[in-house]
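Novice: Provided below: structure00.txt, containing compact mmCIF, C-alpha atoms.
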```
# COMPACT_ATOMS: atom_id res chain seq x y z
CA MET I 4 -24.74 -66.45 -122.39
CA ALA I 5 -25.12 -64.54 -119.09
CA VAL I 6 -24.96 -61.23 -120.95
CA LEU I 7 -27.68 -62.35 -123.39
CA LEU I 8 -29.92 -63.46 -120.53
CA ALA I 9 -29.34 -60.11 -118.82
CA PHE I 10 -30.43 -58.29 -121.97
CA ILE I 11 -33.51 -60.46 -122.44
CA SER I 12 -34.49 -59.92 -118.81
CA LEU I 13 -34.51 -56.19 -119.47
CA LEU I 14 -36.95 -56.47 -122.37
CA LEU I 15 -40.07 -57.82 -120.68
CA VAL I 16 -40.76 -56.05 -117.41
CA PRO I 17 -42.96 -58.03 -115.00
CA LEU I 18 -45.38 -56.40 -112.63
CA ASN I 19 -43.02 -56.13 -109.67
CA PRO I 20 -44.65 -54.62 -106.56
CA ALA I 21 -41.50 -52.57 -105.94
CA CYS I 22 -41.81 -50.80 -109.25
CA PHE I 23 -45.45 -51.01 -110.31
CA THR I 24 -48.71 -49.90 -108.79
CA ASP I 25 -52.27 -50.65 -109.82
CA PRO I 26 -54.69 -48.61 -107.69
CA ALA I 27 -57.49 -50.49 -106.04
CA GLN I 28 -60.88 -49.79 -107.54
CA GLU I 29 -64.40 -50.55 -106.37
CA LYS I 30 -65.32 -52.19 -109.68
CA VAL I 31 -63.17 -54.81 -111.37
CA SER I 32 -61.04 -53.20 -114.08
CA PRO I 33 -61.26 -54.65 -117.58
CA ILE I 34 -57.50 -54.05 -117.98
CA ILE I 35 -55.38 -57.18 -117.45
CA ASN I 36 -51.88 -58.43 -118.34
CA LEU I 37 -50.34 -54.95 -118.47
CA LYS I 38 -46.72 -55.36 -119.65
CA LEU I 39 -43.91 -53.29 -121.09
CA ASP I 40 -41.39 -54.46 -123.69
CA SER I 41 -38.65 -51.96 -122.86
CA ARG I 42 -36.65 -52.63 -126.05
CA LYS I 43 -39.56 -51.91 -128.36
CA LYS I 44 -41.00 -49.41 -125.85
CA MET I 45 -44.30 -51.14 -126.39
CA LEU I 46 -47.01 -51.23 -123.73
CA THR I 47 -49.44 -54.15 -124.09
CA TRP I 48 -52.55 -55.30 -122.26
CA ASN I 49 -55.76 -57.27 -122.68
CA SER I 50 -59.34 -56.37 -121.91
CA ARG I 51 -61.70 -58.81 -120.24
CA ARG I 52 -64.79 -57.02 -121.52
CA ASN I 53 -65.79 -54.46 -124.14
CA VAL I 54 -64.51 -50.91 -123.80
CA THR I 55 -65.91 -47.81 -125.50
CA TRP I 56 -62.83 -45.58 -125.15
CA GLN I 57 -59.12 -46.10 -124.47
CA GLU I 58 -56.01 -43.96 -124.18
CA CYS I 59 -52.43 -44.70 -123.20
CA THR I 60 -49.89 -42.19 -121.86
CA ILE I 61 -46.19 -42.16 -121.06
CA ASP I 62 -44.80 -39.60 -118.64
CA ALA I 63 -40.98 -39.56 -118.48
CA PRO I 64 -38.75 -37.05 -116.66
CA LEU I 65 -37.56 -34.07 -118.75
CA ASP I 66 -40.10 -34.87 -121.51
CA PRO I 67 -43.73 -33.78 -121.87
CA PRO I 68 -46.35 -36.53 -121.47
CA ILE I 69 -47.27 -38.32 -124.71
CA SER I 70 -50.73 -39.79 -125.21
CA GLN I 71 -52.07 -41.89 -128.06
CA THR I 72 -54.98 -44.10 -129.04
CA PRO I 73 -54.11 -47.80 -128.70
CA GLN I 74 -53.93 -50.18 -131.62
CA VAL I 75 -55.16 -53.76 -131.54
CA ALA I 76 -53.20 -56.79 -132.67
CA GLU I 77 -54.65 -59.79 -134.52
CA ASP I 78 -54.92 -61.75 -131.26
CA GLY I 79 -56.94 -58.96 -129.62
CA THR I 80 -54.06 -57.56 -127.57
CA TYR I 81 -54.02 -53.79 -127.26
CA PHE I 82 -50.72 -51.96 -127.59
CA CYS I 83 -49.11 -48.52 -127.69
CA THR I 84 -45.58 -47.89 -128.96
CA PHE I 85 -43.54 -44.96 -127.65
CA SER I 86 -40.47 -45.25 -129.87
CA ASN I 87 -39.58 -41.56 -129.48
CA SER I 88 -39.40 -41.74 -125.70
CA VAL I 89 -36.53 -42.81 -123.45
CA LEU I 90 -36.85 -45.07 -120.43
CA HIS I 91 -33.46 -44.86 -118.71
CA ARG I 92 -34.63 -41.99 -116.48
CA GLY I 93 -37.70 -44.00 -115.50
CA ALA I 94 -41.26 -43.55 -116.73
CA THR I 95 -44.88 -43.86 -115.69
CA LEU I 96 -47.19 -45.49 -118.23
CA THR I 97 -50.95 -45.24 -117.86
CA VAL I 98 -53.91 -46.84 -119.58
CA ASN I 99 -57.32 -45.17 -119.24
CA VAL I 100 -60.46 -46.87 -120.49
CA THR I 101 -64.22 -46.49 -120.32
CA SER I 102 -66.29 -49.64 -119.98
CA GLU I 103 -70.03 -49.99 -119.23
CA GLY I 104 -70.18 -46.31 -118.37
CA HIS I 105 -67.35 -46.49 -115.84
CA GLU I 106 -63.80 -45.13 -116.10
CA PHE I 107 -60.83 -47.32 -115.21
CA LYS I 108 -57.12 -46.67 -114.96
CA ALA I 109 -54.06 -48.92 -114.76
CA THR I 110 -50.56 -47.62 -114.08
CA LEU I 111 -47.16 -49.18 -114.68
CA THR I 112 -44.09 -47.47 -113.25
CA PHE I 113 -40.84 -48.41 -114.97
CA CYS I 114 -37.61 -48.30 -112.95
CA ASN I 115 -34.02 -48.34 -114.21
CA SER I 116 -32.43 -50.43 -111.50
CA GLY I 117 -28.77 -50.11 -110.67
CA ARG I 118 -26.41 -47.67 -109.03
CA GLU I 119 -27.19 -44.08 -109.93
CA GLY I 120 -24.53 -42.75 -112.32
CA SER I 121 -23.20 -46.20 -113.26
CA GLY I 122 -24.59 -46.20 -116.80
CA ALA I 123 -22.72 -45.04 -119.88
CA VAL I 124 -22.77 -41.32 -120.76
CA ASN I 125 -21.97 -39.08 -123.76
CA PHE I 126 -23.14 -41.58 -126.35
CA SER I 127 -22.81 -40.75 -130.05
CA CYS I 128 -22.68 -42.60 -133.37
CA LEU I 129 -21.28 -41.76 -136.78
CA ILE I 130 -21.43 -43.37 -140.22
CA TYR I 131 -18.27 -42.75 -142.25
CA ASN I 132 -16.65 -43.88 -145.49
CA VAL I 133 -20.15 -44.83 -146.72
CA ARG I 134 -20.32 -48.25 -145.03
CA PHE I 135 -18.80 -48.06 -141.53
CA LEU I 136 -20.41 -47.08 -138.22
CA ASN I 137 -18.60 -46.04 -135.06
CA CYS I 138 -20.28 -45.45 -131.70
CA SER I 139 -18.61 -44.06 -128.60
CA TRP I 140 -19.50 -43.39 -124.98
CA ALA I 141 -17.83 -42.61 -121.67
CA GLN I 142 -17.83 -44.52 -118.42
CA GLY I 143 -20.47 -43.36 -115.95
CA PRO I 144 -19.13 -41.18 -113.10
CA ALA I 145 -20.26 -43.71 -110.47
CA ALA I 146 -19.46 -46.85 -112.43
CA PRO I 147 -17.29 -49.44 -110.64
CA ALA I 148 -13.81 -50.19 -111.95
CA ASP I 149 -14.86 -53.60 -113.31
CA VAL I 150 -17.85 -52.30 -115.30
CA ARG I 151 -18.33 -54.03 -118.62
CA TYR I 152 -20.63 -52.23 -121.04
CA HIS I 153 -22.60 -53.95 -123.80
CA LEU I 154 -23.97 -52.19 -126.88
CA TYR I 155 -26.96 -53.56 -128.78
CA MET I 156 -28.27 -52.29 -132.11
CA TRP I 157 -31.27 -52.99 -134.32
CA ALA I 158 -32.26 -51.26 -137.56
CA SER I 159 -36.05 -51.24 -137.20
CA LEU I 160 -38.58 -51.41 -134.41
CA HIS I 161 -39.15 -55.14 -134.88
CA GLY I 162 -35.68 -55.92 -136.30
CA ASN I 163 -33.20 -58.45 -135.00
CA VAL I 164 -30.94 -57.32 -132.17
CA SER I 165 -27.18 -57.67 -132.57
CA GLU I 166 -24.49 -57.00 -130.00
CA CYS I 167 -21.33 -55.15 -130.94
CA ALA I 168 -18.64 -57.53 -132.19
CA GLN I 169 -15.72 -55.08 -132.19
CA TYR I 170 -15.50 -53.08 -128.98
CA VAL I 171 -13.08 -50.18 -128.51
CA LEU I 172 -11.25 -50.13 -125.17
CA ASP I 173 -9.75 -47.26 -123.23
CA PRO I 174 -6.28 -47.55 -121.61
CA THR I 175 -7.82 -49.23 -118.53
CA GLY I 176 -9.55 -51.88 -120.65
CA THR I 177 -13.07 -50.46 -120.24
CA ARG I 178 -15.34 -50.67 -123.27
CA VAL I 179 -15.95 -47.11 -124.53
CA GLY I 180 -16.86 -47.63 -128.17
CA CYS I 181 -17.82 -50.01 -130.94
CA HIS I 182 -17.05 -50.41 -134.62
CA PHE I 183 -19.63 -51.87 -137.04
CA ASP I 184 -18.58 -52.86 -140.55
CA GLN I 185 -21.78 -54.66 -141.54
CA LEU I 186 -24.77 -52.33 -141.74
CA GLY I 187 -26.90 -54.17 -144.25
CA GLU I 188 -28.48 -52.80 -147.39
CA PRO I 189 -29.03 -49.04 -146.92
CA GLN I 190 -32.52 -47.54 -147.02
CA THR I 191 -33.29 -43.83 -146.72
CA THR I 192 -35.93 -44.73 -144.12
CA ASP I 193 -33.39 -46.47 -141.85
CA ASN I 194 -33.54 -45.67 -138.17
CA TYR I 195 -30.93 -47.14 -135.86
CA PHE I 196 -31.93 -48.14 -132.34
CA PHE I 197 -29.30 -48.50 -129.63
CA LEU I 198 -29.16 -49.65 -126.02
CA VAL I 199 -26.15 -49.73 -123.71
CA ASN I 200 -26.32 -51.76 -120.53
CA GLY I 201 -23.59 -53.19 -118.33
CA THR I 202 -22.47 -55.78 -115.85
CA SER I 203 -20.29 -55.67 -112.76
CA ASN I 204 -19.45 -57.95 -109.83
CA GLU I 205 -19.95 -55.00 -107.50
CA THR I 206 -23.37 -53.61 -108.40
CA ASP I 207 -26.15 -53.52 -110.98
CA ILE I 208 -25.45 -51.13 -113.86
CA GLN I 209 -28.10 -48.79 -115.20
CA PHE I 210 -28.90 -49.00 -118.90
CA LEU I 211 -28.95 -46.13 -121.40
CA ASP I 212 -31.48 -45.92 -124.24
CA PHE I 213 -32.23 -43.32 -126.91
CA THR I 214 -34.74 -42.01 -129.36
CA PRO I 215 -34.12 -43.51 -132.83
CA PHE I 216 -31.07 -42.25 -134.71
CA VAL I 217 -32.10 -41.08 -138.19
CA ALA I 218 -29.45 -42.79 -140.29
CA THR I 219 -29.30 -40.17 -143.06
CA GLU I 220 -28.48 -37.47 -140.49
CA ILE I 221 -25.56 -39.17 -138.72
CA GLU I 222 -23.40 -39.80 -141.78
CA LYS I 223 -20.08 -37.99 -141.95
CA TYR I 224 -19.46 -37.44 -145.64
CA ASN I 225 -16.14 -37.53 -147.39
CA PRO I 226 -14.90 -34.07 -148.51
CA PRO I 227 -16.33 -32.79 -151.81
CA ALA I 228 -14.16 -33.79 -154.77
CA ASN I 229 -13.09 -32.17 -158.03
CA LEU I 230 -12.96 -28.61 -156.72
CA THR I 231 -12.05 -26.16 -159.51
CA ALA I 232 -11.92 -22.39 -159.95
CA ARG I 233 -11.71 -20.77 -163.40
CA ASN I 234 -12.08 -17.23 -164.71
CA ASN I 235 -14.62 -16.59 -167.48
CA GLY I 236 -13.71 -12.91 -167.75
CA SER I 237 -16.45 -11.57 -165.48
CA TYR I 238 -16.45 -14.15 -162.69
CA TYR I 239 -14.36 -16.80 -161.03
CA VAL I 240 -16.54 -19.91 -161.40
CA ILE I 241 -15.99 -22.27 -158.44
CA GLN I 242 -17.40 -25.78 -158.93
CA TRP I 243 -17.30 -29.07 -157.04
CA ASP I 244 -18.94 -32.50 -157.00
CA ASN I 245 -21.43 -33.84 -154.48
CA PRO I 246 -19.88 -36.52 -152.25
CA VAL I 247 -20.67 -40.20 -152.57
CA THR I 248 -23.17 -41.00 -149.79
CA ARG I 249 -24.43 -44.18 -148.20
CA PHE I 250 -28.05 -43.28 -148.87
CA ASN I 251 -29.78 -42.23 -152.06
CA ILE I 252 -30.61 -38.68 -150.98
CA SER I 253 -31.40 -35.50 -152.90
CA SER I 254 -28.50 -33.13 -153.49
CA HIS I 255 -30.70 -30.39 -151.97
CA VAL I 256 -30.31 -31.85 -148.46
CA LEU I 257 -26.54 -31.34 -148.65
CA TYR I 258 -25.22 -28.16 -147.05
CA TYR I 259 -21.85 -26.70 -148.06
CA GLU I 260 -19.43 -24.28 -146.46
CA LEU I 261 -16.90 -22.48 -148.68
CA ASP I 262 -13.85 -20.97 -147.05
CA ILE I 263 -12.35 -18.37 -149.42
CA GLN I 264 -9.28 -16.47 -148.24
CA ARG I 265 -6.68 -14.16 -149.77
CA LYS I 266 -3.14 -15.46 -149.43
CA GLY I 267 -0.97 -13.40 -147.13
CA SER I 268 -3.88 -11.44 -145.68
CA PHE I 269 -4.19 -11.11 -141.90
CA SER I 270 -7.96 -10.52 -142.05
CA LYS I 271 -10.34 -13.43 -142.51
CA THR I 272 -13.23 -13.49 -144.97
CA ASP I 273 -16.61 -14.73 -143.72
CA PRO I 274 -17.52 -18.23 -144.94
CA VAL I 275 -20.10 -18.82 -147.67
CA PHE I 276 -22.95 -21.31 -147.04
CA GLN I 277 -25.22 -22.77 -149.68
CA ARG I 278 -27.48 -25.77 -150.31
CA GLY I 279 -26.43 -28.51 -152.67
CA GLU I 280 -27.45 -28.67 -156.32
CA ASN I 281 -27.05 -31.26 -159.04
CA ARG I 282 -24.29 -28.99 -160.32
CA ASN I 283 -22.65 -27.08 -157.48
CA GLU I 284 -21.39 -23.64 -158.45
CA TYR I 285 -20.43 -20.39 -156.76
CA LEU I 286 -19.65 -17.20 -158.71
CA MET I 287 -17.18 -14.64 -157.39
CA PRO I 288 -16.80 -11.36 -159.38
CA SER I 289 -13.35 -11.06 -160.94
CA SER I 290 -13.20 -7.44 -159.72
CA ALA I 291 -13.35 -8.74 -156.12
CA VAL I 292 -10.29 -10.91 -156.60
CA THR I 293 -7.00 -9.08 -156.19
CA GLY I 294 -4.00 -11.26 -155.66
CA VAL I 295 -3.95 -15.02 -155.11
CA HIS I 296 -6.87 -16.59 -153.21
CA THR I 297 -7.62 -20.10 -152.02
CA VAL I 298 -10.95 -21.90 -151.69
CA ARG I 299 -11.78 -25.09 -149.81
CA VAL I 300 -15.14 -26.81 -149.21
CA ARG I 301 -16.74 -29.08 -146.64
CA VAL I 302 -20.25 -30.58 -146.41
CA ARG I 303 -22.87 -31.94 -144.01
CA HIS I 304 -26.52 -32.99 -144.06
CA VAL I 305 -28.75 -29.93 -143.81
CA TYR I 306 -30.43 -31.38 -140.70
CA GLY I 307 -27.26 -32.89 -139.23
CA ASP I 308 -24.41 -31.28 -137.35
CA THR I 309 -21.43 -33.38 -138.44
CA TRP I 310 -19.22 -31.69 -141.03
CA SER I 311 -16.92 -33.55 -143.36
CA GLU I 312 -13.23 -32.80 -143.24
CA TRP I 313 -12.10 -29.87 -145.36
CA GLY I 314 -11.14 -30.76 -148.91
CA PRO I 315 -7.78 -29.63 -150.34
CA ALA I 316 -7.46 -25.88 -150.91
CA GLN I 317 -7.64 -24.76 -154.55
CA PRO I 318 -5.69 -21.58 -155.48
CA PHE I 319 -7.07 -19.04 -157.97
CA GLY I 320 -6.37 -15.44 -159.01
CA PHE I 321 -3.09 -13.80 -160.08
CA PRO I 322 -0.22 -12.32 -158.04
CA GLU I 323 -0.37 -8.55 -157.71
CA LYS I 324 2.32 -6.61 -159.59
CA ASN I 325 5.03 -5.35 -157.29
CA PHE I 326 5.03 -1.63 -158.21
CA THR I 327 7.43 -0.76 -155.38
CA GLY I 328 10.10 -3.05 -156.74
CA PHE I 329 9.50 -1.73 -160.24
CA LEU I 330 10.02 1.88 -159.07
CA VAL I 331 13.24 0.96 -157.24
CA VAL I 332 14.59 -0.65 -160.39
CA LEU I 333 13.50 2.33 -162.53
CA ILE I 334 15.11 4.86 -160.18
CA GLY I 335 18.28 2.83 -160.13
CA LEU I 336 18.41 2.81 -163.90
CA VAL I 337 17.86 6.59 -164.06
CA VAL I 338 20.54 7.27 -161.46
CA GLY I 339 22.92 4.96 -163.22
CA ALA I 340 22.28 6.61 -166.57
CA ALA I 341 22.82 10.06 -165.03
CA ALA I 342 26.07 8.96 -163.46
CA LEU I 343 27.35 7.56 -166.72
CA SER I 344 26.38 10.81 -168.50
CA SER I 345 28.29 12.88 -165.93
CA ILE I 346 31.35 10.74 -166.26
CA GLY I 347 31.19 11.04 -170.04
CA LEU I 348 30.91 14.85 -169.90
CA MET I 349 33.86 15.09 -167.49
CA PHE I 350 35.94 12.97 -169.77
CA LEU I 351 35.11 15.16 -172.81
CA CYS I 352 35.86 18.41 -170.88
CA LYS I 353 39.28 17.20 -169.87
CA ARG I 354 40.06 16.64 -173.48
```
What would you get if you wrote out this structure as structure tokens?
Specialist:
Amino acid sequence: MAVLLAFISLLLVPLNPACFTDPAQEKVSPIINLKLDSRKKMLTWNSRRNVTWQECTIDAPLDPPISQTPQVAEDGTYFCTFSNSVLHRGATLTVNVTSEGHEFKATLTFCNSGREGSGAVNFSCLIYNVRFLNCSWAQGPAAPADVRYHLYMWASLHGNVSECAQYVLDPTGTRVGCHFDQLGEPQTTDNYFFLVNGTSNETDIQFLDFTPFVATEIEKYNPPANLTARNNGSYYVIQWDNPVTRFNISSHVLYYELDIQRKGSFSKTDPVFQRGENRNEYLMPSSAVTGVHTVRVRVRHVYGDTWSEWGPAQPFGFPEKNFTGFLVVLIGLVVGAAALSSIGLMFLCKR
């Protein structure tokens, strides 16, 4: 219950004098009730009189400022959503308006309280075997020994938040990962939102947030199946099937790497890369194949960076004829025949 309350307290940031400033102005600003929902990264406010122009801006360290025109909710509340920004490094959010010919500005400065370096680091997530999701992270360099991290996930901006139910522990008992086996019905538009915060008896722990994870780009596919290589006389025709994926995606967003090597060779052949097709095929001229070769294939999303494991290697080609051994045998036969002839002549001469 304490953990849930800690998470909820992070979502709605009050106007705390230690973290927020609203510059004094000669005229009364129309901007009131300025708030930030840090989970949704949504800035909201109300206006006490008509405005003719409005703009909201977020300025976060390491990222360029982002400005947008506010939207208005059914109850008249104005809001801006900065879902592609991160807040864990802190941020300054500003609302500028024009009302009755005067310009007004309200500023909200968001702080990530807690010991510097106590938050989780090196966060990553991976979908595998079509329906499972694993996330991992490392303990912050300044985190206390009793730190207890909590991972929260939601699948859309306004979706329900769920905490990890199956944490992965390191040898010291610290939470450093999570396994999800219930991801819901897949949609190609899925974005996964994550937040990692923490608790400790020693100090406050900084949270870690992220831009949305595009679900189709974090899937680790199974290796391509049914790899074959056959000779049609002119070419070796190498074919394979597209992998089964969690999402209904076009085969053209799959990206393959073919590793073709000659058995027994000390030199390595450069890999072959090609986009997926409904029928995957690579042609290798028969004249280029001397001796036995092997081919194996792996795959990833064209915009991702996680490769599948390599599939089993498929041999093709024919062993080269061993002409050296053939010559040795031939010479031996000739020498043997000559020796037998000499012995036969000697025997006849003696007679």
Novice: I'd like the interatomic distance between atom CA of Pro226 of chain I and atom CA of Phe269 of chain I, to a tenth of an Å.
Specialist: 26.2 Å
Novice: I'd like to know which of I:Asp78, I:Asp207, I:Asp184, I:Glu58 is closest to Thr97 of chain I, using only C-alpha atoms.
Specialist: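 Answer, going by the shortest atom-to-atom distance: I:Glu58.
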Novice: Using atom CA of Thr177 of chain I and atom CA of Asn125 of chain I as the two end points, give the distance in Å to one decimal.
Specialist: 14.9 Å
Novice: Between I:Trp310, I:Phe321, I:Phe276, I:Phe183, which has the minimum distance to Gly294 of chain I (counting only C-alpha atoms)?
Specialist: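 Of all the options, I:Phe321 lies closest to Gly294 of chain I.
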Novice: Between I:Pro246, I:Arg52, I:Leu39, I:Cys138, which has the minimum distance to Thr112 of chain I (counting all atoms listed in the file)?
Specialist: I:Leu39
Novice: If I take atom CA of Ile263 of chain I and atom CA of Tyr131 of chain I, how far is one from the other in Å, to one decimal?
Specialist: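 Spanning atom CA of Ile263 of chain I to atom CA of Tyr131 of chain I is a straight-line distance of 26.1 Å.
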